[in-house]
$ cat start13.txt   # compact mmCIF, C-alpha atoms
# COMPACT_ATOMS: atom_id res chain seq x y z
CA MET C 991 91.31 172.46 89.59
CA THR C 992 88.59 170.49 87.88
CA PRO C 993 88.91 169.04 84.35
CA ASP C 994 86.38 171.62 83.15
CA GLN C 995 88.48 174.44 84.59
CA ILE C 996 91.61 173.01 82.97
CA GLU C 997 89.98 172.84 79.55
CA SER C 998 88.70 176.40 79.88
CA ALA C 999 92.14 177.64 81.01
CA VAL C 1000 93.87 176.09 78.01
CA ALA C 1001 91.31 177.56 75.63
CA ALA C 1002 91.81 180.99 77.19
CA ALA C 1003 95.60 180.63 76.90
CA MET C 1004 95.62 179.77 73.20
CA PRO C 1005 95.87 183.31 71.76
CA GLN C 1006 99.05 183.88 73.77
CA ALA C 1007 100.28 180.39 72.82
CA VAL C 1008 99.89 181.21 69.12
CA GLU C 1009 101.80 184.48 69.50
CA ASP C 1010 104.58 182.68 71.40
CA LEU C 1011 104.76 180.02 68.71
CA LYS C 1012 104.99 182.66 65.99
CA ARG C 1013 107.85 184.27 67.87
CA LEU C 1014 109.73 180.98 68.07
CA VAL C 1015 109.09 180.03 64.44
CA SER C 1016 110.45 183.36 63.24
CA ILE C 1017 113.89 182.39 64.64
CA PRO C 1018 115.94 180.32 62.11
CA SER C 1019 117.40 178.08 64.81
CA VAL C 1020 119.12 175.60 62.48
CA ALA C 1021 121.86 173.88 64.48
CA PHE C 1022 123.51 172.22 61.47
CA PRO C 1023 127.15 173.02 60.64
CA GLY C 1024 127.47 175.90 58.22
CA HIS C 1025 124.43 177.75 59.53
CA PRO C 1026 124.66 180.84 61.77
CA GLU C 1027 124.91 180.00 65.46
CA GLU C 1028 123.44 183.22 66.81
CA PRO C 1029 119.79 182.43 65.92
CA VAL C 1030 120.09 179.10 67.73
CA ARG C 1031 121.26 180.90 70.86
CA VAL C 1032 118.45 183.43 70.50
CA ALA C 1033 115.97 180.54 70.40
CA ALA C 1034 117.49 179.19 73.62
CA SER C 1035 117.00 182.57 75.30
CA VAL C 1036 113.39 182.85 74.13
CA THR C 1037 112.72 179.30 75.33
CA GLU C 1038 114.18 180.22 78.72
CA GLU C 1039 111.88 183.25 78.86
CA LEU C 1040 108.83 181.14 77.99
CA LEU C 1041 109.57 178.57 80.69
CA ARG C 1042 109.86 181.36 83.25
CA SER C 1043 106.47 182.65 82.12
CA ALA C 1044 104.99 179.20 82.79
CA GLY C 1045 105.50 179.54 86.55
CA LEU C 1046 108.59 177.38 87.02
CA SER C 1047 110.54 178.45 90.09
CA HIS C 1048 113.94 177.67 88.60
CA VAL C 1049 114.98 178.05 84.94
CA GLN C 1050 118.48 178.15 83.45
CA GLN C 1051 120.50 177.44 80.34
CA ILE C 1052 122.91 174.53 80.79
CA ALA C 1053 126.01 174.08 78.66
CA VAL C 1054 126.17 170.84 76.68
CA GLU C 1055 129.64 169.87 75.50
CA GLY C 1056 130.04 170.26 71.74
CA SER C 1057 126.49 171.49 71.32
CA PHE C 1058 124.11 174.35 71.97
CA PRO C 1059 122.76 174.90 75.49
CA ALA C 1060 119.85 172.97 76.89
CA VAL C 1061 117.19 174.97 78.72
CA TYR C 1062 116.26 173.39 82.05
CA GLY C 1063 113.46 174.25 84.45
CA GLU C 1064 111.89 172.77 87.54
CA ALA C 1065 109.23 173.43 90.15
CA PRO C 1066 108.04 171.49 93.19
CA GLY C 1067 104.67 169.81 93.54
CA PRO C 1068 102.92 168.54 96.66
CA PRO C 1069 104.84 166.24 99.05
CA GLY C 1070 104.75 162.65 97.84
CA ALA C 1071 103.71 163.58 94.30
CA PRO C 1072 105.49 161.93 91.37
CA THR C 1073 108.03 163.78 89.22
CA VAL C 1074 107.26 164.41 85.55
CA LEU C 1075 109.96 165.40 83.05
CA LEU C 1076 108.83 167.30 79.94
CA TYR C 1077 111.03 167.20 76.82
CA ALA C 1078 111.14 169.08 73.50
CA HIS C 1079 113.78 170.75 71.29
CA TYR C 1080 114.14 174.29 69.98
CA ASP C 1081 116.38 173.62 66.96
CA VAL C 1082 114.89 172.95 63.53
CA GLN C 1083 115.71 171.37 60.20
CA PRO C 1084 117.15 173.58 57.44
CA ALA C 1085 114.45 175.18 55.32
CA GLY C 1086 115.83 173.82 52.04
CA ASP C 1087 114.86 175.49 48.77
CA PRO C 1088 112.84 178.65 49.58
CA ALA C 1089 111.13 178.37 46.20
CA ALA C 1090 109.45 175.16 47.37
CA TRP C 1091 107.66 177.02 50.16
CA ARG C 1092 104.29 178.65 49.56
CA THR C 1093 105.05 181.02 52.47
CA PRO C 1094 108.48 182.15 53.73
CA PRO C 1095 109.83 179.43 56.05
CA PHE C 1096 110.78 181.78 58.87
CA GLU C 1097 107.86 184.17 58.55
CA PRO C 1098 105.09 182.32 60.42
CA THR C 1099 101.88 182.56 58.45
CA LEU C 1100 98.40 181.68 59.72
CA ILE C 1101 96.07 180.23 57.07
CA ASP C 1102 92.72 178.60 57.90
CA GLY C 1103 93.70 177.54 61.40
CA GLN C 1104 97.14 176.25 60.36
CA LEU C 1105 100.38 178.00 61.28
CA TYR C 1106 103.00 177.56 58.55
CA GLY C 1107 106.76 177.84 59.05
CA ARG C 1108 109.86 175.77 59.68
CA GLY C 1109 109.64 174.32 63.18
CA ALA C 1110 105.96 175.20 63.66
CA ALA C 1111 105.33 171.51 64.32
CA ASP C 1112 108.81 169.97 64.78
CA ASP C 1113 109.35 170.82 67.51
CA LYS C 1114 108.44 174.29 68.60
CA SER C 1115 104.86 173.09 68.98
CA GLY C 1116 106.25 170.77 71.67
CA ILE C 1117 107.69 173.72 73.59
CA ILE C 1118 104.41 175.60 73.36
CA SER C 1119 102.30 172.61 74.40
CA HIS C 1120 104.44 172.29 77.55
CA VAL C 1121 104.35 176.02 78.30
CA THR C 1122 100.59 176.26 77.72
CA ALA C 1123 99.83 173.23 79.90
CA LEU C 1124 102.04 174.53 82.72
CA ARG C 1125 100.50 178.02 82.62
CA VAL C 1126 97.15 176.48 83.54
CA PHE C 1127 98.36 175.81 87.09
CA GLN C 1128 99.75 179.31 87.76
CA GLY C 1129 102.78 177.94 89.60
CA ARG C 1130 100.81 175.50 91.81
CA PHE C 1131 101.59 172.22 90.10
CA PRO C 1132 99.90 168.90 90.97
CA VAL C 1133 103.19 167.00 90.48
CA HIS C 1134 106.90 167.83 90.66
CA ILE C 1135 107.89 169.31 87.30
CA LYS C 1136 111.16 169.14 85.40
CA VAL C 1137 111.61 170.45 81.84
CA ILE C 1138 114.51 169.93 79.42
CA ILE C 1139 114.49 171.62 76.00
CA GLU C 1140 117.56 170.77 73.89
CA GLY C 1141 119.17 172.71 71.09
CA GLN C 1142 120.65 170.22 68.61
CA GLU C 1143 118.31 167.26 68.31
CA GLU C 1144 117.97 167.45 64.54
CA TYR C 1145 121.68 167.12 63.81
CA ALA C 1146 123.55 165.64 66.78
CA GLY C 1147 121.17 164.62 69.51
CA GLU C 1148 123.64 162.09 70.89
CA ARG C 1149 125.49 164.98 72.54
CA LEU C 1150 122.65 165.47 75.00
CA GLU C 1151 122.68 161.71 75.58
CA ALA C 1152 126.21 162.00 76.96
CA PHE C 1153 125.10 164.91 79.17
CA VAL C 1154 122.26 162.83 80.63
CA GLU C 1155 124.60 159.94 81.33
CA ARG C 1156 126.91 162.29 83.27
CA ASN C 1157 124.06 164.06 85.12
CA PRO C 1158 121.39 161.44 85.79
CA ASP C 1159 119.95 163.02 88.94
CA LEU C 1160 119.11 166.24 87.14
CA LEU C 1161 116.54 164.53 84.89
CA ARG C 1162 115.43 161.64 87.12
CA ALA C 1163 111.65 161.31 86.95
CA ASP C 1164 108.77 158.87 87.39
CA ALA C 1165 107.17 159.78 84.04
CA ILE C 1166 108.69 161.45 80.99
CA VAL C 1167 106.62 163.25 78.36
CA VAL C 1168 108.34 163.57 74.98
CA ALA C 1169 106.43 166.12 72.90
CA ASP C 1170 108.11 165.35 69.58
CA THR C 1171 105.70 162.99 67.82
CA GLY C 1172 102.07 163.24 66.77
CA ASN C 1173 98.91 161.60 65.53
CA PRO C 1174 98.40 159.85 62.21
CA LYS C 1175 95.71 162.41 61.41
CA VAL C 1176 94.43 165.57 63.05
CA GLY C 1177 91.99 164.58 65.76
CA ASP C 1178 93.07 160.90 65.78
CA PRO C 1179 94.65 160.48 69.26
CA SER C 1180 97.63 158.19 69.56
CA VAL C 1181 100.64 157.40 71.72
CA THR C 1182 103.88 156.50 69.98
CA THR C 1183 105.17 153.27 71.50
CA SER C 1184 108.13 152.60 69.19
CA LEU C 1185 110.75 154.65 67.38
CA ARG C 1186 113.24 153.56 64.79
CA GLY C 1187 116.86 154.45 65.43
CA LEU C 1188 119.14 156.36 63.10
CA ALA C 1189 122.52 155.89 61.46
CA ALA C 1190 123.73 158.54 59.02
CA PHE C 1191 127.00 159.21 57.21
CA THR C 1192 128.61 160.92 54.24
CA VAL C 1193 130.24 158.78 51.54
CA GLU C 1194 132.73 160.05 48.97
CA ALA C 1195 133.86 158.31 45.78
CA ARG C 1196 137.07 159.63 44.20
CA THR C 1197 138.59 158.53 40.89
CA LEU C 1198 140.82 161.29 39.50
CA ARG C 1199 143.18 163.98 40.71
CA GLU C 1200 140.84 166.53 39.11
CA SER C 1201 137.85 166.61 36.79
CA LEU C 1202 138.54 166.16 33.06
CA HIS C 1203 137.02 167.25 29.74
CA SER C 1204 134.36 164.66 28.90
CA GLY C 1205 135.08 164.87 25.17
CA SER C 1206 138.80 164.21 25.52
CA PHE C 1207 138.68 161.69 28.38
CA GLY C 1208 135.09 160.34 28.56
CA GLY C 1209 134.79 156.65 27.77
CA ALA C 1210 138.02 155.67 29.50
CA ALA C 1211 138.45 157.94 32.52
CA PRO C 1212 136.39 156.62 35.49
CA ASP C 1213 133.62 159.03 36.43
CA ALA C 1214 133.23 159.38 40.22
CA LEU C 1215 129.57 160.37 39.96
CA SER C 1216 128.73 157.27 37.90
CA ALA C 1217 130.59 155.12 40.42
CA LEU C 1218 128.72 156.65 43.35
CA MET C 1219 125.37 156.22 41.59
CA ARG C 1220 126.10 152.53 41.04
CA MET C 1221 126.97 152.13 44.72
CA LEU C 1222 123.85 153.89 45.95
CA THR C 1223 121.42 152.07 43.66
CA ALA C 1224 122.91 148.76 44.83
CA LEU C 1225 121.50 149.38 48.32
CA HIS C 1226 117.99 148.30 47.18
CA ASP C 1227 116.64 145.53 44.99
CA ASP C 1228 114.19 146.12 42.15
CA ASN C 1229 111.26 145.93 44.59
CA GLY C 1230 112.75 148.64 46.79
CA ASP C 1231 113.70 146.32 49.65
CA VAL C 1232 117.04 146.90 51.38
CA ARG C 1233 119.54 144.32 50.07
CA VAL C 1234 122.39 144.93 52.54
CA PRO C 1235 123.25 141.63 54.28
CA GLY C 1236 122.49 141.59 58.00
CA LEU C 1237 119.58 144.04 57.88
CA PRO C 1238 116.47 141.82 58.09
CA ARG C 1239 112.88 142.94 57.71
CA GLY C 1240 110.97 143.49 61.00
CA GLY C 1241 107.34 143.28 62.10
CA PHE C 1242 105.02 145.67 63.95
CA LEU C 1243 102.16 144.17 65.96
CA GLY C 1244 99.88 147.21 65.89
CA GLN C 1245 97.79 148.59 63.05
CA GLY C 1246 99.39 150.85 60.46
CA PRO C 1247 97.84 153.05 57.79
CA SER C 1248 96.05 151.67 54.77
CA GLU C 1249 97.78 152.00 51.41
CA ALA C 1250 95.21 154.58 50.30
CA GLU C 1251 95.76 156.67 53.44
CA PHE C 1252 99.51 156.46 53.07
CA ARG C 1253 99.49 157.38 49.39
CA GLN C 1254 97.37 160.43 50.11
CA THR C 1255 99.44 161.56 53.11
CA ALA C 1256 102.75 160.99 51.30
CA GLY C 1257 101.52 162.58 48.07
CA VAL C 1258 102.50 159.56 45.94
CA LEU C 1259 101.72 160.32 42.30
CA ASP C 1260 99.15 158.32 40.36
CA GLY C 1261 100.69 155.29 38.73
CA VAL C 1262 103.77 155.32 41.00
CA SER C 1263 104.14 152.19 43.12
CA LEU C 1264 105.05 152.04 46.78
CA VAL C 1265 108.35 150.29 47.50
CA GLY C 1266 109.31 147.44 49.78
CA SER C 1267 107.58 144.32 51.10
CA GLY C 1268 105.49 143.49 54.14
CA SER C 1269 102.77 145.57 55.77
CA LEU C 1270 103.08 149.34 55.80
CA ALA C 1271 103.46 149.23 59.59
CA ASP C 1272 106.37 146.80 59.14
CA ARG C 1273 108.06 148.98 56.53
CA LEU C 1274 107.53 152.30 58.29
CA TRP C 1275 108.07 151.42 61.94
CA SER C 1276 109.94 148.13 62.38
CA SER C 1277 112.24 147.58 59.40
CA TYR C 1278 115.44 149.10 58.06
CA SER C 1279 115.18 151.77 55.41
CA ILE C 1280 117.94 153.60 53.57
CA THR C 1281 117.53 157.04 52.01
CA VAL C 1282 119.98 159.18 50.08
CA THR C 1283 119.27 162.61 51.55
CA GLY C 1284 121.81 164.74 49.68
CA LEU C 1285 124.34 164.78 46.84
CA ASP C 1286 127.37 166.99 46.28
CA VAL C 1287 127.62 167.08 42.48
CA PRO C 1288 127.35 169.83 39.88
CA THR C 1289 123.85 171.22 39.54
CA VAL C 1290 122.01 170.98 36.23
CA SER C 1291 122.17 174.74 35.80
CA GLY C 1292 125.89 174.72 36.60
CA ALA C 1293 126.81 171.59 34.67
CA ILE C 1294 129.96 171.50 32.56
CA ASN C 1295 131.15 168.83 30.12
CA ALA C 1296 133.45 167.05 32.53
CA VAL C 1297 134.19 163.62 33.95
CA GLN C 1298 133.86 164.14 37.69
CA ALA C 1299 136.85 163.47 39.92
CA ALA C 1300 134.81 163.14 43.12
CA ALA C 1301 131.21 162.88 44.25
CA ARG C 1302 129.66 162.77 47.72
CA ALA C 1303 126.34 161.69 49.17
CA ARG C 1304 124.62 161.85 52.54
CA VAL C 1305 122.95 158.55 53.47
CA THR C 1306 120.46 157.99 56.28
CA VAL C 1307 119.60 154.55 57.63
CA ARG C 1308 116.49 154.10 59.76
CA VAL C 1309 116.98 151.24 62.22
CA PRO C 1310 114.35 149.02 63.93
CA PRO C 1311 113.64 149.97 67.57
CA SER C 1312 115.67 147.18 69.17
CA ALA C 1313 118.52 147.08 66.63
CA ASP C 1314 122.02 148.54 67.05
CA PRO C 1315 122.50 151.64 64.86
CA ARG C 1316 126.31 151.27 64.99
CA MET C 1317 126.05 147.76 63.60
CA ALA C 1318 123.80 149.08 60.84
CA LEU C 1319 126.38 151.77 60.08
CA GLU C 1320 129.10 149.15 59.73
CA SER C 1321 126.91 146.92 57.56
CA VAL C 1322 125.92 149.66 55.12
CA THR C 1323 129.36 151.26 54.80
CA GLY C 1324 130.95 147.82 54.40
CA PHE C 1325 128.45 146.96 51.67
CA LEU C 1326 129.18 150.19 49.82
CA ARG C 1327 132.90 149.43 49.87
CA GLN C 1328 132.17 145.96 48.52
CA VAL C 1329 130.04 147.14 45.58
CA ALA C 1330 132.24 150.12 44.64
CA PRO C 1331 133.22 149.64 40.95
CA TRP C 1332 136.54 150.13 39.18
CA GLY C 1333 138.64 150.20 42.34
CA VAL C 1334 137.46 153.74 43.16
CA GLN C 1335 138.67 155.27 46.40
CA VAL C 1336 135.82 155.31 48.93
CA SER C 1337 135.82 157.19 52.22
CA PHE C 1338 133.22 157.83 54.93
CA GLY C 1339 132.74 160.52 57.53
CA ASP C 1340 130.35 162.80 59.44
CA PHE C 1341 128.78 159.88 61.31
CA THR C 1342 125.58 160.29 63.36
CA VAL C 1343 123.82 157.55 65.33
CA GLY C 1344 120.75 157.44 67.52
CA SER C 1345 119.11 154.47 69.23
CA GLY C 1346 115.49 153.42 68.80
CA PHE C 1347 112.84 152.90 71.47
CA GLN C 1348 110.22 150.32 72.39
CA ALA C 1349 107.76 151.17 75.18
CA ASP C 1350 106.45 148.78 77.80
CA SER C 1351 102.73 148.11 78.07
CA GLY C 1352 102.30 151.04 80.45
CA GLY C 1353 101.40 151.71 84.07
CA LYS C 1354 99.84 154.49 86.13
CA ALA C 1355 101.21 157.28 83.97
CA ARG C 1356 99.94 155.67 80.76
CA GLY C 1357 96.55 155.16 82.40
CA ALA C 1358 96.44 158.84 83.35
CA LEU C 1359 97.42 159.81 79.81
CA ASN C 1360 94.73 157.58 78.31
CA ARG C 1361 92.06 159.27 80.44
CA ALA C 1362 93.40 162.72 79.64
CA MET C 1363 93.55 162.09 75.90
CA ASP C 1364 90.10 160.50 75.89
CA ARG C 1365 88.65 163.69 77.38
CA ALA C 1366 90.66 166.10 75.22
CA PHE C 1367 90.05 164.28 71.91
CA GLY C 1368 86.72 162.60 72.62
CA ARG C 1369 88.11 159.09 72.28
CA PRO C 1370 90.94 157.00 73.79
CA PRO C 1371 94.32 156.85 72.07
CA ARG C 1372 95.75 153.95 70.11
CA ASP C 1373 99.35 152.76 69.93
CA VAL C 1374 101.37 153.67 66.85
CA GLY C 1375 104.99 153.53 65.79
CA ALA C 1376 107.18 156.23 64.30
CA GLY C 1377 109.81 155.90 61.63
CA GLY C 1378 111.85 158.80 62.95
CA SER C 1379 114.29 158.74 65.84
CA ILE C 1380 114.64 160.84 68.98
CA PRO C 1381 118.16 160.10 70.20
CA LEU C 1382 117.54 161.04 73.83
CA VAL C 1383 114.65 158.65 74.44
CA ASN C 1384 116.62 155.41 74.60
CA THR C 1385 119.19 157.01 76.91
CA LEU C 1386 116.40 158.09 79.26
CA LEU C 1387 115.06 154.54 79.19
CA LYS C 1388 118.46 153.11 80.13
CA GLN C 1389 119.10 155.69 82.85
CA PHE C 1390 115.62 155.49 84.37
CA PRO C 1391 114.27 151.98 83.67
CA ALA C 1392 111.39 152.41 86.12
CA ALA C 1393 110.13 155.60 84.45
CA GLU C 1394 107.23 155.55 82.01
CA ILE C 1395 108.13 157.31 78.77
CA LEU C 1396 105.15 158.78 76.93
CA LEU C 1397 105.46 160.12 73.39
CA PHE C 1398 102.73 162.30 71.92
CA GLY C 1399 102.40 165.73 70.38
CA ALA C 1400 100.94 168.00 67.70
CA GLU C 1401 102.98 166.78 64.70
CA ASP C 1402 100.34 164.98 62.63
CA GLU C 1403 101.50 163.15 59.51
CA ASP C 1404 100.26 165.92 57.21
CA ALA C 1405 102.39 168.51 59.04
CA ALA C 1406 105.23 168.24 56.47
CA ILE C 1407 107.97 168.15 59.08
CA HIS C 1408 111.48 168.12 57.52
CA ALA C 1409 109.85 169.28 54.27
CA PRO C 1410 108.69 172.51 52.65
CA ASN C 1411 105.44 174.03 53.92
CA GLU C 1412 105.66 172.62 57.43
CA ARG C 1413 102.62 173.54 59.49
CA VAL C 1414 100.86 172.84 62.76
CA ASN C 1415 97.10 172.63 63.16
CA LEU C 1416 96.23 175.02 66.00
CA GLU C 1417 93.19 173.04 67.11
CA GLU C 1418 95.44 169.98 67.39
CA LEU C 1419 97.89 172.05 69.43
CA ARG C 1420 95.05 173.04 71.77
CA ARG C 1421 93.99 169.41 72.21
CA VAL C 1422 97.57 168.32 72.91
CA ALA C 1423 98.13 171.10 75.47
CA THR C 1424 94.80 170.17 77.07
CA THR C 1425 95.84 166.53 77.15
CA GLU C 1426 99.11 167.40 78.88
CA ALA C 1427 97.46 169.62 81.49
CA LEU C 1428 94.79 166.99 82.20
CA PHE C 1429 97.52 164.33 82.40
CA LEU C 1430 99.46 166.28 85.03
CA HIS C 1431 96.24 166.77 86.98
CA GLU C 1432 95.28 163.08 86.71
CA LEU C 1433 98.73 161.84 87.73
CA GLY C 1434 98.65 164.04 90.83
CA LEU C 1435 95.32 162.67 92.06
CA PRO C 1436 95.42 160.29 95.05
CA SER C 1437 93.81 157.54 92.96
CA ALA C 1438 96.70 157.64 90.48
CA LEU C 1439 99.20 157.43 93.31
CA GLY C 1440 97.48 154.43 94.86
CA VAL C 1441 96.64 156.46 97.98
$ encode --input "start13.txt" --output "structure tokens"
Amino acid sequence: MTPDQIESAVAAAMPQAVEDLKRLVSIPSVAFPGHPEEPVRVAASVTEELLRSAGLSHVQQIAVEGSFPAVYGEAPGPPGAPTVLLYAHYDVQPAGDPAAWRTPPFEPTLIDGQLYGRGAADDKSGIISHVTALRVFQGRFPVHIKVIIEGQEEYAGERLEAFVERNPDLLRADAIVVADTGNPKVGDPSVTTSLRGLAAFTVEARTLRESLHSGSFGGAAPDALSALMRMLTALHDDNGDVRVPGLPRGGFLGQGPSEAEFRQTAGVLDGVSLVGSGSLADRLWSSYSITVTGLDVPTVSGAINAVQAAARARVTVRVPPSADPRMALESVTGFLRQVAPWGVQVSFGDFTVGSGFQADSGGKARGALNRAMDRAFGRPPRDVGAGGSIPLVNTLLKQFPAAEILLFGAEDEDAAIHAPNERVNLEELRRVATTEALFLHELGLPSALGV
């Protein structure tokens, strides 16, 4: 095929791609504890069906211990061609408060070229970009293809890491495309060359056998919620910098967003300051950050006049690409024990860790991607970092040190992933699918192979 034919084939495939994406988004495949498991398994089955439709000669669901199944597919390319592994995930974040959504989170809604719904970008767009790119070749692929789509990345991605370590030959490849990142802005091509790692846990403060009447006991009885609030606010100084010992600030060599761009993208209110020190690229991509992502306390509407016996919080630590997330976990939990007031009983649990990633400068696969992205977007990509983590990436790097790992996708920074009103820009999805198809074509050319 020629590049012109590839671009035309992707454009022709987009109506079906949109319908397939709507079908996936309508499935509430939340793999968090406490959510129904059946929709997650339905999403696995639909993903399997979509990979079969892409012309792969072998597709199956593979059991992953303690997790939902991964969907695996493969197809041969010409003799001597490199092997490319394509990755994405079919599980999604919880929708959160439905009232915060302008459209129902699991009823995909198309508005002005944007498809809204939980998972539309993160990461069901990644599945569709792979499927759409593969359909272009009608089963005659220019390289050997492997595909792995996992089912619990958002909550416990380390479980697939263990699977990869036990089954390295299954996923061995020369180049690995991870379609779970995106561009800073729609139409602004980029390749993510660094990812922060993740360490998350639940902390509980307990002070009393049971909650007490605040009129009779308030003023002397220790309130667990007040204790927990003191502990959590101690994690940052007045400037918003992390003050936990052993978690130094990092530096990112590439260019990050301007403050004006960031404020607009993040929706920071007028008069509200940004937090932390150093460049935005340093803060977002190369330094530690700590966020309280949930609290188990009485709601305002359900509040009663009581001194609380116990309070819990979920805490997420983002870790620089080369740092050890387990060390960060120990540092933060140790600090919280140290600053706990009044001798309150503190316990921790529900631990999750994921390693970060730092890419090399790139080789033949990166060169092929640069050419593909230049054609699809009209300009070459730039290197960016990402504050999020993809637990599998570092494991792939350790297992296959010679492989080039390439991170790009349709999740631009305005896509509201992990937030209400998540959406994917369909023109961006077309460009990303075009990029991937052109990349596979470029990598299979004799010039890319050094022939």
$ closest_residue --input "start13.txt" --among "C:Gly1266, C:Pro1331, C:Pro1023, C:Gly1045" --to "His1226 (chain C)" --atoms "all atoms listed in the file"
C:Gly1266
$ closest_residue --input "start13.txt" --among "C:Gly1292, C:Gly1236, C:Pro1311, C:Gly1107" --to "Gly1187 (chain C)" --atoms "only C-alpha atoms"
C:Pro1311
$ closest_residue --input "start13.txt" --among "C:Gln1083, C:Ser1119, C:Thr1424, C:Gln1051" --to "Glu1412 (chain C)" --atoms "all atoms listed in the file"
C:Gln1083
$ closest_atom_pairs --input "start13.txt" --of "region 1272-1312 of chain C" --to "region 1181-1186 of chain C" --cutoff "7 Å" --atoms "only C-alpha atoms" --output "Markdown table"
| residue | atom | partner | partner_atom | distance |
| --- | --- | --- | --- | --- |
| C:Trp1275 | CA | C:Arg1186 | CA | 6.3 |
| C:Ser1276 | CA | C:Arg1186 | CA | 6.8 |
| C:Arg1308 | CA | C:Arg1186 | CA | 6.0 |
| C:Val1309 | CA | C:Arg1186 | CA | 5.1 |
| C:Pro1310 | CA | C:Arg1186 | CA | 4.8 |
| C:Pro1311 | CA | C:Arg1186 | CA | 4.6 |
$ write_last_selection --input "start13.txt" --atoms "C-alpha atoms" --output "short mmCIF file (atom, residue, chain, number, x, y, z; two decimals), keeping the file's coordinate frame"
data_model
loop_
_atom_site.label_atom_id
_atom_site.label_comp_id
_atom_site.auth_asym_id
_atom_site.auth_seq_id
_atom_site.Cartn_x
_atom_site.Cartn_y
_atom_site.Cartn_z
CA TRP C 1275 108.07 151.42 61.94
CA SER C 1276 109.94 148.13 62.38
CA ARG C 1308 116.49 154.10 59.76
CA VAL C 1309 116.98 151.24 62.22
CA PRO C 1310 114.35 149.02 63.93
CA PRO C 1311 113.64 149.97 67.57
#
$ atom_distance --input "start13.txt" --atom1 "CA of Ile1138 (chain C)" --atom2 "CA of Arg1372 (chain C)"
26.3 Å
$ atom_distance --input "start13.txt" --atom1 "CA of Leu1124 (chain C)" --atom2 "CA of Ala1053 (chain C)"
24.3 Å
$ atom_distance --input "start13.txt" --atom1 "CA of Ala1355 (chain C)" --atom2 "CA of Arg1420 (chain C)"
20.9 Å
$ residues_around --input "start13.txt" --residues "Ala1217 (chain C)" --least-positions-apart "4" --cutoff "9 Å" --atoms "only C-alpha atoms" --output "ChimeraX atom specification"
/C:1195-1197,1212-1213,1221-1222,1301,1330-1332,1334
$ closest_residue --input "start13.txt" --among "C:Ala1400, C:Val1008, C:Leu1382, C:Val1322" --to "Pro1174 (chain C)" --atoms "all atoms listed in the file"
C:Ala1400
$ closest_residue --input "start13.txt" --among "C:Thr1283, C:Asn1411, C:Gln1128, C:Thr1255" --to "Ser1047 (chain C)" --atoms "all atoms listed in the file"
C:Gln1128
$ closest_residue --input "start13.txt" --among "C:Gly1344, C:Pro1410, C:Gly1333, C:Pro1238" --to "Thr1093 (chain C)" --atoms "all atoms listed in the file"
C:Pro1410
$ axis_aligned_box --input "start13.txt" --around "region 1131-1150 of chain C" --padding-each-side "8 Å" --output "AutoDock Vina command-line options"
--center_x 112.7 --center_y 167.4 --center_z 77.4 --size_x 41.6 --size_y 26.6 --size_z 43.2
$ residues_around --input "start13.txt" --residues "Ile1135 (chain C)" --least-positions-apart "5" --cutoff "12 Å" --atoms "only C-alpha atoms" --output "ChimeraX atom specification"
/C:1041,1044-1049,1062-1068,1071-1077,1120-1121,1123-1124,1127,1129-1130,1160-1167,1427,1430-1431,1433-1434
$ residues_near_point --input "start13.txt" --point "(110.2, 176.8, 59.9)" --cutoff "9 Å" --atoms "all atoms listed in the file" --output "count of residues only"
26
